[in-house]
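With mmCIF, C-alpha atoms inside, this is run-v3.cif:
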```cif
data_final
#
loop_
_atom_site.label_atom_id
_atom_site.label_comp_id
_atom_site.auth_asym_id
_atom_site.auth_seq_id
_atom_site.Cartn_x
_atom_site.Cartn_y
_atom_site.Cartn_z
CA GLU A 22 25.24 80.33 -12.43
CA LEU A 23 27.93 80.19 -15.11
CA THR A 24 26.22 77.25 -16.84
CA ARG A 25 22.95 79.19 -16.92
CA LEU A 26 24.67 82.24 -18.38
CA ILE A 27 26.46 80.24 -21.07
CA GLY A 28 23.15 78.71 -22.10
CA SER A 29 21.56 82.15 -22.43
CA VAL A 30 24.25 83.63 -24.69
CA SER A 31 23.24 83.37 -28.34
CA GLU A 32 26.07 85.44 -29.76
CA GLY A 33 28.91 87.67 -28.72
CA PHE A 34 32.31 87.23 -27.17
CA VAL A 35 32.81 84.55 -24.55
CA GLY A 36 36.03 84.78 -22.56
CA TYR A 37 37.60 84.46 -19.17
CA ASP A 38 40.57 85.65 -17.14
CA LYS A 39 41.83 85.30 -13.59
CA ASP A 40 44.06 86.94 -11.05
CA GLU A 41 45.24 85.87 -7.59
CA SER A 42 41.80 86.00 -6.00
CA ARG A 43 39.12 86.13 -8.72
CA LEU A 44 37.84 84.57 -11.93
CA TYR A 45 36.33 86.85 -14.57
CA PHE A 46 33.92 85.68 -17.27
CA LYS A 47 32.54 87.75 -20.14
CA LEU A 48 29.54 86.28 -21.90
CA GLY A 49 28.24 88.62 -24.56
CA GLU A 50 27.16 91.72 -22.63
CA VAL A 51 27.24 89.99 -19.23
CA GLU A 52 30.25 89.95 -16.92
CA LEU A 53 30.52 87.49 -14.02
CA ILE A 54 33.17 87.87 -11.32
CA THR A 55 33.69 85.26 -8.63
CA ARG A 56 36.21 84.92 -5.82
CA LEU A 57 38.50 81.93 -5.65
CA ILE A 58 38.45 79.72 -2.58
CA ASP A 59 41.25 80.69 -0.23
CA GLY A 60 43.07 77.63 1.06
CA ASN A 61 42.74 73.97 0.31
CA PHE A 62 39.46 72.30 -0.53
CA PRO A 63 38.39 70.01 2.35
CA ASP A 64 39.10 66.30 1.90
CA TYR A 65 35.56 65.10 1.20
CA ARG A 66 36.71 61.46 1.27
CA GLN A 67 36.86 61.66 5.07
CA VAL A 68 33.04 61.73 5.30
CA ILE A 69 32.51 58.72 3.02
CA PRO A 70 32.23 55.61 5.19
CA ARG A 71 34.81 52.98 4.29
CA LYS A 72 32.91 50.05 5.80
CA LEU A 73 29.21 49.48 5.16
CA ASP A 74 27.58 46.59 7.00
CA HIS A 75 24.36 46.59 4.94
CA GLU A 76 23.59 47.10 1.26
CA VAL A 77 20.21 47.55 -0.36
CA LYS A 78 19.51 47.48 -4.09
CA LEU A 79 16.24 49.00 -5.26
CA ASN A 80 14.45 50.78 -8.08
CA ARG A 81 15.33 54.48 -8.12
CA GLU A 82 12.05 55.72 -9.58
CA ALA A 83 9.90 53.64 -7.21
CA LEU A 84 11.80 55.08 -4.25
CA ARG A 85 11.56 58.60 -5.64
CA LEU A 86 7.78 58.36 -6.07
CA SER A 87 7.34 56.83 -2.63
CA LEU A 88 9.45 59.57 -1.04
CA ARG A 89 7.43 62.26 -2.81
CA GLN A 90 4.21 60.77 -1.41
CA ALA A 91 5.66 60.49 2.09
CA ALA A 92 7.05 64.03 1.89
CA VAL A 93 3.52 65.41 1.58
CA LEU A 94 2.82 64.29 5.15
CA ALA A 95 6.32 64.88 6.50
CA ALA A 96 6.21 67.47 9.26
CA GLU A 97 7.90 70.82 8.74
CA PRO A 98 10.64 71.86 9.19
CA SER A 99 12.38 68.48 9.45
CA ARG A 100 10.62 66.84 6.46
CA GLN A 101 11.39 63.53 8.21
CA VAL A 102 10.60 60.23 6.49
CA ARG A 103 11.37 56.79 7.86
CA LEU A 104 12.90 53.99 5.82
CA GLU A 105 12.31 50.59 7.42
CA PHE A 106 14.55 47.93 5.90
CA THR A 107 13.57 44.27 6.28
CA PRO A 108 14.66 41.34 4.10
CA GLY A 109 13.18 41.93 0.63
CA VAL A 110 11.05 44.94 1.62
CA LEU A 111 11.65 48.64 2.26
CA VAL A 112 8.76 50.56 3.86
CA VAL A 113 8.81 54.33 3.34
CA SER A 114 6.64 56.17 5.86
CA SER A 115 5.92 59.53 7.44
CA SER A 116 3.28 61.04 9.67
CA THR A 117 1.96 64.33 10.92
CA PRO A 118 -0.42 64.36 13.89
CA ASP A 119 -2.97 66.70 12.26
CA LEU A 120 -2.84 65.19 8.76
CA GLY A 121 -2.32 61.46 9.19
CA ASN A 122 0.30 59.02 8.03
CA VAL A 123 1.48 57.21 4.93
CA SER A 124 3.28 53.90 4.58
CA ASP A 125 4.46 52.50 1.24
CA PRO A 126 6.19 49.10 0.91
CA LEU A 127 8.74 48.69 -1.89
CA SER A 128 10.46 45.58 -3.14
CA CYS A 129 14.22 45.60 -2.64
CA GLU A 130 17.24 43.34 -2.43
CA TYR A 131 18.20 43.35 1.24
CA GLN A 132 19.23 40.45 3.45
CA GLY A 133 20.15 42.09 6.75
CA GLU A 134 18.54 42.66 10.10
CA GLU A 135 15.58 45.01 10.46
CA VAL A 136 16.76 48.63 10.52
CA THR A 137 14.78 51.89 10.58
CA ILE A 138 16.53 55.07 9.46
CA ALA A 139 15.05 58.58 9.36
CA PHE A 140 16.05 61.14 6.72
CA ASN A 141 15.07 64.59 5.57
CA SER A 142 13.01 63.69 2.48
CA ASN A 143 14.40 66.65 0.52
CA TYR A 144 17.97 65.37 0.82
CA LEU A 145 17.09 61.94 -0.53
CA LEU A 146 14.99 63.41 -3.32
CA ASP A 147 17.86 65.72 -4.30
CA VAL A 148 20.19 62.74 -4.70
CA LEU A 149 17.65 60.64 -6.61
CA GLY A 150 16.92 63.59 -8.89
CA VAL A 151 20.44 63.69 -10.29
CA LEU A 152 20.69 59.97 -10.99
CA ALA A 153 19.60 58.44 -14.28
CA SER A 154 20.12 54.76 -13.54
CA GLU A 155 17.17 52.43 -13.08
CA GLU A 156 18.49 51.05 -9.80
CA ILE A 157 20.47 52.45 -6.88
CA ILE A 158 22.48 50.95 -4.08
CA MET A 159 22.13 52.28 -0.54
CA GLY A 160 24.77 51.30 1.99
CA PHE A 161 24.82 51.87 5.75
CA SER A 162 26.20 50.47 8.97
CA THR A 163 23.77 51.74 11.60
CA ALA A 164 20.68 53.95 11.78
CA SER A 165 22.80 56.85 13.03
CA ALA A 166 25.76 56.53 10.65
CA PRO A 167 26.04 58.20 7.23
CA THR A 168 24.23 56.43 4.40
CA VAL A 169 25.94 56.08 1.03
CA ILE A 170 23.94 56.11 -2.20
CA LYS A 171 25.65 54.77 -5.31
CA ASP A 172 24.78 54.47 -8.97
CA PRO A 173 25.67 50.94 -10.15
CA ASP A 174 25.99 52.29 -13.71
CA ASP A 175 28.44 55.04 -12.71
CA GLY A 176 31.30 53.90 -10.48
CA GLU A 177 32.32 57.53 -9.88
CA PHE A 178 29.03 58.67 -8.32
CA VAL A 179 28.79 58.58 -4.53
CA ALA A 180 26.36 60.57 -2.37
CA VAL A 181 26.48 60.66 1.43
CA VAL A 182 23.31 61.49 3.36
CA MET A 183 23.23 61.92 7.12
CA PRO A 184 20.28 60.35 8.93
CA MET A 185 18.10 62.11 11.50
CA LYS A 186 17.39 61.01 15.05
CA LEU A 187 14.18 59.04 15.38
#
```
How does the structure come out when it is put into structure tokens?
Amino acid sequence: ELTRLIGSVSEGFVGYDKDESRLYFKLGEVELITRLIDGNFPDYRQVIPRKLDHEVKLNREALRLSLRQAAVLAAEPSRQVRLEFTPGVLVVSSSTPDLGNVSDPLSCEYQGEEVTIAFNSNYLLDVLGVLASEEIIMGFSTASAPTVIKDPDDGEFVAVVMPMKL
């Protein structure tokens, strides 16, 4: 919200202040007040898997387009899509009894055993939407364990997406 407000201010005073429990921002004629988090921020590193048995390298845009197609037929409210990993090929699929199904094979770099993982398509699309790199790396251990998505061009970026039950 603050970023949006800063972008909308063409002139006027921009300032901020804080006390024990709040931050105050003044942007031209607009004032924004927000409460500070009470306590310590949770240690997010605990949810990032340390050991990943499988890694897949693939084109980000191809996966994004395939997920968008599959999402059209993904049943509400779960928006479930299936990613079937086999050596060299990832198949993105979804189905809805009344509408039909879709299955889209993508080329990828993967040399592990066949694994099928289900995800909420919106969560994967959210992650892919913030990445700019041409390729991504997906890492996982099992179909029920968290999946890590990394940007090979940005060593700091790590996203963790929880799979759904098939």
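Atom CA of A:Lys186 lies 24.2 Å from atom CA of A:Arg81.
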Inset, instruction - Decode the PyMOL selection byres ((chain A and resi 47) around 8) for the given file into explicit residues and return them as a list in words. - result: Phe34, Val35, Gly36, Tyr37, Tyr45, Phe46, Leu48, Gly49, Glu50, Val51, Glu52 and Leu53 of chain A
Inset, instruction - Identify all residues satisfying the PyMOL selection byres ((chain A and resi 73) around 10) in the given file; provide them as a ChimeraX atom specification. - result: /A:70-72,74-76,159-163,166-169
Legend entry - Polymer residues at most 12 Å from A:Leu94, all atoms listed in the file, same-chain spacing of 6 or more positions, as JSON, numbers by chain: {"A": [87, 88, 100, 101, 102, 103, 113, 114, 115, 116, 117, 118, 119, 120, 121, 122, 123, 124, 142]}
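Listed by chain and then by number, the residues chosen by the PyMOL selection byres ((chain A and resi 150) around 12) in this file are Arg81, Glu82, Leu84, Arg85, Leu86, Leu88, Arg89, Asn143, Tyr144, Leu145, Leu146, Asp147, Val148, Leu149, Val151, Leu152, Ala153, Ser154, Glu155, Ile157 and Ala180 of chain A.
Between atom CA of A:Leu57 and atom CA of A:Asp38 the separation is 12.3 Å.
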